[in-house]
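Participant: Just dropping this structure here.
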There are 2 protein chains.
Amino acid sequence: MSQPQNAISPRRDEDFPEWYQQVVKAADLAENSDVRGCMVIKPWGYGIWENMQRVLDGMFKETGHKNAYFPLFIPLSYMAKEAEHVEGFAKECAVVTHHRLESDGKGGLRPAPSAELTEPLVVRPTSETIIGATYAKWVRSWRDLPILINQWANVVRWEMRPRLFLRTAEFLWQEGHTAHETEVEAREETTRMLGVYEQFAREYLALPVFTGEKSESERFPGAVQTLCIEAMVQDRKAIQAGTSHFLGQNFAKASGIQFLSRSNTQELAWTTSWGVSTRMIGTVIMAHADDDGLVLPPRIAPAHIVILPIIPKPDSRDAVMAAVDKLAAELRSQTYAGVPVRVEIDKRDFGGGQKTWEWIKKGVPIRVEIGPRDLEKGTVAVARRDKGPKEKEFLTTADFVAGVAKTLEAMQDALLVRATALRSAHTAVIESKEEFYAFFTPKNSERPEIHGGFALAHWNGSREVEEKIKSELKVTIRCIPFDDAEPGTCIFTGEPSARRVVFAKSY
Amino acid sequence: MSQPQNAISPRRDEDFPEWYQQVVKAADLAENSDVRGCMVIKPWGYGIWENMQRVLDGMFKETGHKNAYFPLFIPLSYMAKEAEHVEGFAKECAVVTHHRLESDGKGGLRPAPSAELTEPLVVRPTSETIIGATYAKWVRSWRDLPILINQWANVVRWEMRPRLFLRTAEFLWQEGHTAHETEVEAREETTRMLGVYEQFAREYLALPVFTGEKSESERFPGAVQTLCIEAMVQDRKAIQAGTSHFLGQNFAKASGIQFLSRSNTQELAWTTSWGVSTRMIGTVIMAHADDDGLVLPPRIAPAHIVILPIIPKPDSRDAVMAAVDKLAAELRSQTYAGVPVRVEIDKRDFGGGQKTWEWIKKGVPIRVEIGPRDLEKGTVAVARRDKGPKEKEFLTTADFVAGVAKTLEAMQDALLVRATALRSAHTAVIESKEEFYAFFTPKNSERPEIHGGFALAHWNGSREVEEKIKSELKVTIRCIPFDDAEPGTCIFTGEPSARRVVFAKSY
């Protein structure tokens, strides 16, 4: 069976959005369900999420947090308590109005009119209000603070233009919710968790991210300050991959989280919230996949290695399968990035070519073939996802097993280097409005179909300027970095600017 | 501060249901939220669930399953596809009818009439129908089978009489959903997963369970056969702690899961589903807790050990805290039941008595005190949850650390022995209808407020007999065991009986 030049059609440079959909499909990560905007996350996609969860969960616990679980449903009246919050989420809320079905008399079902809820319930789009109401009951004195809790959960935000992993009506995420005695502590927490996200993106997703603060217009509804991590993907757009919000006393006020202070006064608590979601899977795909399909950072790959038995004749089957099982056991006894090496064995009776291409498209870091001749020689044929699809290295089994953790780490490192190089190549310091407009106008970039990338430019801090750029170029301020505070002159107005900010098109 | 004789009031023998609520509260496991029937699972309760999840997830993977995720919402028309299924769940379904909120003009919110869904969505009470519809797309040939998938998720079944952990409108669970080529394979899977649950209950929850089949009236709606594990708790009632369903071809037919067989014919797949939920936490509480609060099997305890620093004078603080941190590190380097020993340090500035009682009520297996005198002597004061609250053993630190895994295992084993003894003491072979009615009539038991326990009795297999017993005594057939197939005579009708079945009152 002949394979096309590339396994994914179209290529990235032909049609990036369509390429993305095809990679998701070819890697068997997820699919649309019959429920509009809700996806089915298939085992290979969910395996990535499980690895993300395991690592992040460990990092949250290391920083003193515990997990808990709060209700899926939020009473309508709770949503209304924080004005900006409800304004931000009302348009995308799924609402439960009945608690029973009955026959509609035509062979179908309908919500039973006699079971209409007195107060409708909103399916949580985020849990600040329901958790705030709970914390209000838990907190009496400063001794009850801080509360450092995380929740792994599903949330629903109705989506008119859903896209697998990137924007879905239901998605999986974690939401940290903390309450503190002082503003300083709450701000420290907000920054600390952004740091966790930045470290996770770099060390596990092989993604360099810009960290900083959102401008007012991009802030979480109800927050005083929203911090974020922003990654560049291969079409040079930005993806917001995680956010950490300093909520001030806004939600404490709305929910009544009050405490008796050390000086015997009643005070409002200071709260934070922070979250990352299955959107990170979409980010990883867009950042690392290539024209042959998914490329997975080894640290989050559901399997590090797939073993493909080669069985030319039935009589070699038992010997090959025994060798495969032995190799799998040896590999699993190796440790990579603190966990046992994850191995899949593909024993299906398909042609080897088809199986190989399936695993290339799934992005498994290492493929190993073992056939009767390898048994004789004590070797294995090793193929790496970061080399050409036909390229194989023949190693003794012992050498391969002994070096596997190092190989995986080298592949992980190389992805970070490549992603960092991409970002560097397409991040420009922009000094004038004309240059800025040219940068974001596709015909001016070397690839005619896309824009320049991330622009670091001075801005006067005004919302009007932001809105004009957004409406004219679909470019927004992705973040106001922490680390580059050199003052200058706004390239749009000539007014003073405190620092350069990061502009980009985004998902 | 003086403590009452027992930390929980009322005692088990005074008012078992109220005792249960008080244990949940005193152990800080969960609380009711303002959303009717939905609970907040607090960190200590969620920590138990995390341990259950981790172990079960490993067992599912060992038996060849992978995790995936399916939509929270189910179109109304899907629910209607399997007649018995919808009949079983229609009365407890939460229904989403709108996807947007708007101002109600009176300062509040309402579901926007313009955003009413064409087809209402049901919040999943269980996922056979939505997963079936998905599998129908995945399966073409016998080569696509088996599908062995599990999902960790929240589900909603509207509850009129909610009770923390035991019956809540929203609960957390896992649901396995598998599809097979043959009936034999599907039946084997159903039995295999029941075996996993039985093993988990015994080895981790320290609970002996009866395993068997449900009678027709207690079957999962739409199933051909429902297998279950049934535990006895301390008021001698039964709790169904897990179920495994052989669904035959019912759901495959309803959803269209068809495949081209090895002999080139179109066949319907054979499916199974199986689940356990946060109800297991309620089961553990009712089975093991005592009049001083929760008693946790060490294998699922969020912490195995709590270290309580004793600081009589401020100047000893640093030395004690350093010793506490060192001990914690040493303990964490020990392994118990395949995982590092889990240690909490309670550094709060409360009185020692109050802290000790909090941890007794939370059911932590081992409490360790370290004060300045212990530092001098190189000892620790060790208290076990299975001994009296004031009882302490003084051990050298080295001996304590070296023996900790054995101590925990001895405590785990002792709980299973005790639970097994309780069940044996209150499981009776019943030979006549009179004896049966006497057994389940409280005044005839040695404790006037409760009934006898589990009755093993012959039954003719008729639904009428079952219903009469249920209405007269509130007693049901908990399961038809696999292992006791000696025929006899039905004690209610004098008709032939294939085997004794297990009767009990139940939660």
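Labels for the structure tokens follow display order: chains A, B, ..., residues from 1 in each chain, ligands from 1.
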Using DSSP on the backbone, list every residue of stretch 213-453 of chain A that comes out as alpha helix (DSSP H), and give them as an MDAnalysis selection string.

Facilitator: chainID A and resid 250:255 279:288 317:332 352:362 372:377 397:425 433:439

Participant: Against chain A, which residues of chain B fall within 6 Å? For each one I want the closest pair of atoms and the distance in Å (one decimal), counting only C-alpha atoms, rows by chain and increasing residue number, as a tab-separated table.

Facilitator:
```
residue	atom	partner	partner_atom	distance
B:Cys38	CA	A:Pro71	CA	5.8
B:Val40	CA	A:Phe70	CA	4.7
B:Ile41	CA	A:Tyr69	CA	4.9
B:Lys42	CA	A:Ala68	CA	5.2
B:Pro43	CA	A:Ala68	CA	4.8
B:Tyr46	CA	A:Ala68	CA	5.4
B:Asn67	CA	A:Pro43	CA	5.6
B:Ala68	CA	A:Pro43	CA	4.8
B:Tyr69	CA	A:Ile41	CA	4.9
B:Phe70	CA	A:Val40	CA	4.7
B:Pro71	CA	A:Cys38	CA	5.8
B:Ala90	CA	A:Leu101	CA	4.9
B:Lys91	CA	A:Arg100	CA	4.8
B:Glu92	CA	A:Arg100	CA	5.4
B:Cys93	CA	A:Arg100	CA	5.0
B:Ala94	CA	A:His99	CA	4.3
B:Val95	CA	A:His98	CA	5.2
B:Val96	CA	A:Val96	CA	4.1
B:His98	CA	A:Val95	CA	5.2
B:His99	CA	A:Ala94	CA	4.3
B:Arg100	CA	A:Lys91	CA	4.8
B:Leu101	CA	A:Ala90	CA	4.9
```

Participant: Point out the residue among A:Thr272, A:Thr211, A:Gln240, A:Asn264 with the least atom-to-atom distance to A:Glu183, counting only C-alpha atoms.

Facilitator: A:Thr272

Participant: I need the residues in stretch 55-270 of chain A that are strand (DSSP E or B) according to DSSP; give them as a VMD selection string.

Facilitator: chain A and resid 66 to 67 69 73 to 75 95 to 98 101 to 103 109 to 111 116 to 123 141 147 to 156 163 167 170 to 180 209 to 213 225 to 232 238 to 246 258 to 260 266 to 268 270

Participant: Quick one: write out the picked residues with C-alpha atoms as a JSON list (two decimals), in the first residue's frame?

Facilitator:
```json
[["chain", "number", "residue", "atom", "x", "y", "z"],
["A", 66, "LYS", "CA", -6.16, 19.81, 48.44],
["A", 67, "ASN", "CA", -8.87, 18.62, 46.11],
["A", 69, "TYR", "CA", -15.78, 18.70, 44.84],
["A", 73, "PHE", "CA", -25.51, 23.13, 39.47],
["A", 74, "ILE", "CA", -25.60, 26.76, 40.52],
["A", 75, "PRO", "CA", -28.86, 28.45, 41.59],
["A", 95, "VAL", "CA", -30.09, 26.05, 32.21],
["A", 96, "VAL", "CA", -31.87, 23.17, 33.96],
["A", 97, "THR", "CA", -35.55, 23.93, 34.37],
["A", 98, "HIS", "CA", -37.17, 20.52, 35.06],
["A", 101, "LEU", "CA", -39.46, 13.52, 32.04],
["A", 102, "GLU", "CA", -42.84, 12.24, 31.02],
["A", 103, "SER", "CA", -44.41, 10.78, 27.90],
["A", 109, "LEU", "CA", -40.66, 12.36, 25.96],
["A", 110, "ARG", "CA", -40.93, 15.87, 27.29],
["A", 111, "PRO", "CA", -39.91, 17.69, 30.45],
["A", 116, "GLU", "CA", -40.61, 22.56, 36.77],
["A", 117, "LEU", "CA", -38.05, 23.88, 39.22],
["A", 118, "THR", "CA", -39.03, 26.88, 41.33],
["A", 119, "GLU", "CA", -35.57, 28.32, 40.73],
["A", 120, "PRO", "CA", -33.79, 27.24, 37.54],
["A", 121, "LEU", "CA", -30.27, 25.85, 37.94],
["A", 122, "VAL", "CA", -27.32, 26.82, 35.81],
["A", 123, "VAL", "CA", -24.83, 24.14, 34.80],
["A", 141, "SER", "CA", -12.05, 33.62, 61.94],
["A", 147, "ILE", "CA", -8.46, 27.89, 52.20],
["A", 148, "LEU", "CA", -6.45, 26.27, 49.42],
["A", 149, "ILE", "CA", -8.68, 24.03, 47.32],
["A", 150, "ASN", "CA", -8.69, 22.71, 43.78],
["A", 151, "GLN", "CA", -11.46, 20.94, 41.89],
["A", 152, "TRP", "CA", -11.19, 18.68, 38.82],
["A", 153, "ALA", "CA", -14.49, 19.00, 37.00],
["A", 154, "ASN", "CA", -16.49, 19.43, 33.85],
["A", 155, "VAL", "CA", -17.93, 22.85, 33.00],
["A", 156, "VAL", "CA", -20.32, 24.06, 30.32],
["A", 163, "ARG", "CA", -13.87, 23.39, 17.77],
["A", 167, "ARG", "CA", -13.68, 25.69, 22.20],
["A", 170, "GLU", "CA", -18.50, 21.09, 27.74],
["A", 171, "PHE", "CA", -14.87, 20.84, 28.70],
["A", 172, "LEU", "CA", -12.80, 19.31, 31.46],
["A", 173, "TRP", "CA", -10.62, 21.47, 33.63],
["A", 174, "GLN", "CA", -9.31, 22.16, 37.08],
["A", 175, "GLU", "CA", -10.30, 25.24, 38.98],
["A", 176, "GLY", "CA", -8.37, 26.32, 42.03],
["A", 177, "HIS", "CA", -10.27, 28.51, 44.51],
["A", 178, "THR", "CA", -8.48, 30.03, 47.43],
["A", 179, "ALA", "CA", -9.39, 32.48, 50.19],
["A", 180, "HIS", "CA", -6.85, 34.48, 52.16],
["A", 209, "VAL", "CA", 4.98, 30.80, 27.21],
["A", 210, "PHE", "CA", 4.76, 34.51, 27.76],
["A", 211, "THR", "CA", 3.47, 35.29, 31.23],
["A", 212, "GLY", "CA", 1.85, 38.51, 32.20],
["A", 213, "GLU", "CA", -1.32, 40.35, 33.00],
["A", 225, "GLN", "CA", -6.41, 41.14, 37.83],
["A", 226, "THR", "CA", -6.09, 38.23, 35.41],
["A", 227, "LEU", "CA", -2.67, 36.69, 34.83],
["A", 228, "CYS", "CA", -2.14, 34.32, 31.94],
["A", 229, "ILE", "CA", 0.25, 32.13, 30.04],
["A", 230, "GLU", "CA", 0.23, 32.63, 26.27],
["A", 231, "ALA", "CA", 1.76, 30.15, 23.86],
["A", 232, "MET", "CA", 2.56, 30.63, 20.18],
["A", 238, "ALA", "CA", -1.49, 32.94, 20.41],
["A", 239, "ILE", "CA", -3.39, 30.53, 22.62],
["A", 240, "GLN", "CA", -4.22, 31.43, 26.17],
["A", 241, "ALA", "CA", -3.32, 28.17, 27.86],
["A", 242, "GLY", "CA", -4.00, 29.01, 31.49],
["A", 243, "THR", "CA", -5.19, 31.85, 33.70],
["A", 244, "SER", "CA", -4.79, 32.85, 37.32],
["A", 245, "HIS", "CA", -7.12, 35.49, 38.74],
["A", 246, "PHE", "CA", -6.71, 37.82, 41.67],
["A", 258, "GLN", "CA", -16.15, 37.34, 56.12],
["A", 259, "PHE", "CA", -13.89, 36.68, 59.04],
["A", 260, "LEU", "CA", -13.01, 38.01, 62.46],
["A", 266, "GLN", "CA", -14.97, 41.81, 60.61],
["A", 267, "GLU", "CA", -13.09, 41.67, 57.30],
["A", 268, "LEU", "CA", -13.81, 40.37, 53.83],
["A", 270, "TRP", "CA", -9.30, 38.02, 49.53]]
```

Participant: Between A:Ala303, A:Ala329, A:Val465, A:Met280, which residue has the minimum interatomic distance to A:Gly494, considering only C-alpha atoms?

Facilitator: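 Selected residue with least distance to A:Gly494: A:Val465.
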
Participant: Between atom CA of B:Trp459 and atom CA of B:Glu218, measure the distance and give it in Å to one decimal.

Facilitator: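 For atom CA of B:Trp459 relative to atom CA of B:Glu218, the distance reads 15.4 Å.
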
Participant: By how many Å are atom CA of A:Pro442 and atom CA of A:Tyr507 apart?

Facilitator: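 So the two atoms, atom CA of A:Pro442 and atom CA of A:Tyr507, lie 16.9 Å apart.
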
Participant: Report the distance between atom CA of A:Ile285 and atom CA of A:Arg500 in Å, rounded to one decimal place.

Facilitator: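 About the pair atom CA of A:Ile285 and atom CA of A:Arg500: they are 29.1 Å apart.
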
Participant: What lies within 9 Å of A:Phe251 using only C-alpha atoms, ignoring chain neighbours under 2 positions off, as a list in words?

Facilitator: Lys81, Glu82, Glu128, Thr129, Gly132, Gly222, Ala223, Leu247, Gly248, Gln249, Lys253, Ala254, Ser255, Gly256, Ile257, Ala269, Trp270 and Thr271 of chain A

Participant: Please write the residues from the selection above to a file, keeping N, CA and C atoms, as a compact mmCIF listing (two decimals), in the first residue's frame.

Facilitator:
```
# COMPACT_ATOMS: atom_id res chain seq x y z
N LYS A 81 -25.22 37.41 41.73
CA LYS A 81 -24.65 38.17 42.86
C LYS A 81 -23.49 39.08 42.47
N GLU A 82 -22.69 38.65 41.50
CA GLU A 82 -21.55 39.49 41.11
C GLU A 82 -21.86 40.02 39.71
N GLU A 128 -16.94 30.07 40.86
CA GLU A 128 -16.70 31.09 41.89
C GLU A 128 -17.91 31.31 42.80
N THR A 129 -19.10 31.36 42.22
CA THR A 129 -20.26 31.73 43.04
C THR A 129 -20.69 30.60 43.98
N GLY A 132 -17.90 30.21 46.51
CA GLY A 132 -17.91 31.37 47.41
C GLY A 132 -18.98 31.21 48.48
N GLY A 222 -15.31 39.80 36.77
CA GLY A 222 -15.37 39.88 38.22
C GLY A 222 -13.99 39.95 38.87
N ALA A 223 -12.94 39.71 38.09
CA ALA A 223 -11.58 39.72 38.64
C ALA A 223 -11.02 41.14 38.74
N LEU A 247 -8.95 37.97 42.60
CA LEU A 247 -10.35 38.41 42.59
C LEU A 247 -10.62 39.53 43.60
N GLY A 248 -9.55 39.97 44.26
CA GLY A 248 -9.73 41.01 45.27
C GLY A 248 -10.75 40.57 46.30
N GLN A 249 -11.65 41.50 46.67
CA GLN A 249 -12.72 41.14 47.61
C GLN A 249 -14.08 41.07 46.91
N LYS A 253 -17.28 39.64 48.77
CA LYS A 253 -18.38 40.56 49.07
C LYS A 253 -19.70 39.98 48.56
N ALA A 254 -19.67 39.49 47.33
CA ALA A 254 -20.89 38.94 46.73
C ALA A 254 -21.39 37.72 47.50
N SER A 255 -20.46 36.91 48.01
CA SER A 255 -20.85 35.66 48.67
C SER A 255 -20.85 35.76 50.19
N GLY A 256 -20.31 36.85 50.72
CA GLY A 256 -20.28 37.00 52.18
C GLY A 256 -19.21 36.18 52.86
N ILE A 257 -18.00 36.12 52.26
CA ILE A 257 -16.89 35.42 52.92
C ILE A 257 -16.21 36.42 53.87
N ALA A 269 -12.69 38.37 53.05
CA ALA A 269 -11.52 37.61 52.61
C ALA A 269 -11.08 38.10 51.22
N TRP A 270 -9.86 37.73 50.85
CA TRP A 270 -9.30 38.02 49.53
C TRP A 270 -9.23 36.68 48.79
N THR A 271 -9.78 36.62 47.61
CA THR A 271 -9.84 35.32 46.95
C THR A 271 -9.12 35.30 45.59
```

Participant: So that I can check the surroundings of B:Leu205, please list as a compact mmCIF listing (two decimals) with C-alpha atoms, in the first residue's frame every protein, DNA and RNA residue that reaches within 10 Å of it, counting only C-alpha atoms and ignoring chain neighbours fewer than 3 positions away.

Facilitator:
```
# COMPACT_ATOMS: atom_id res chain seq x y z
CA MET B 52 -10.51 4.67 45.74
CA GLU B 198 -15.35 -7.82 45.25
CA GLN B 199 -11.57 -7.83 45.50
CA PHE B 200 -11.44 -4.06 45.92
CA ALA B 201 -14.07 -4.14 48.68
CA ARG B 202 -12.23 -6.88 50.53
CA PRO B 208 -16.58 -8.79 52.92
CA MET B 280 -18.84 3.52 48.67
CA ILE B 281 -17.70 6.27 51.04
CA THR B 283 -20.68 2.28 52.95
CA VAL B 284 -17.24 2.51 54.56
CA ALA B 287 -19.42 -0.34 58.16
CA HIS B 288 -16.41 0.81 60.17
CA LEU B 296 -10.77 4.42 58.05
CA PRO B 297 -9.24 1.35 56.48
CA PRO B 298 -5.59 2.48 56.18
CA ARG B 299 -5.43 1.64 52.49
CA ILE B 300 -7.96 4.33 51.60
CA ALA B 301 -7.23 6.85 54.35
CA GLN B 412 -6.40 -2.98 57.84
CA LEU B 415 -11.09 -4.17 60.21
CA LEU B 416 -11.83 -6.91 57.71
```

Participant: Which is closer to B:Ala381 than all the others in B:Val55, B:Leu308, B:Arg11, B:Lys361, using only C-alpha atoms?

Facilitator: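 Closest to B:Ala381, using only C-alpha atoms: B:Leu308.
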
Participant: Just want the 9 Å neighbourhood of A:Val196, counted on only C-alpha atoms, with same-chain residues fewer than 4 positions away dropped. Output as a list in words.

Facilitator: Leu56, Met59, Phe60, Thr63, Thr191, Arg192, Phe200 and Ala201 of chain A

Participant: With only C-alpha atoms as the basis for distance, which of A:Ala26, A:Cys479, A:Ala504, A:Ala402 is at the shortest distance from A:Ser333?

Facilitator: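 The closest residue to A:Ser333 is A:Ala402.
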
Participant: For B:Leu395, list every protein, DNA or RNA residue within 6 Å, evaluated using only C-alpha atoms, and leave out those in the same chain fewer than 3 positions away; present the list as a PyMOL selection string.

Facilitator: chain B and resi 379-380+400
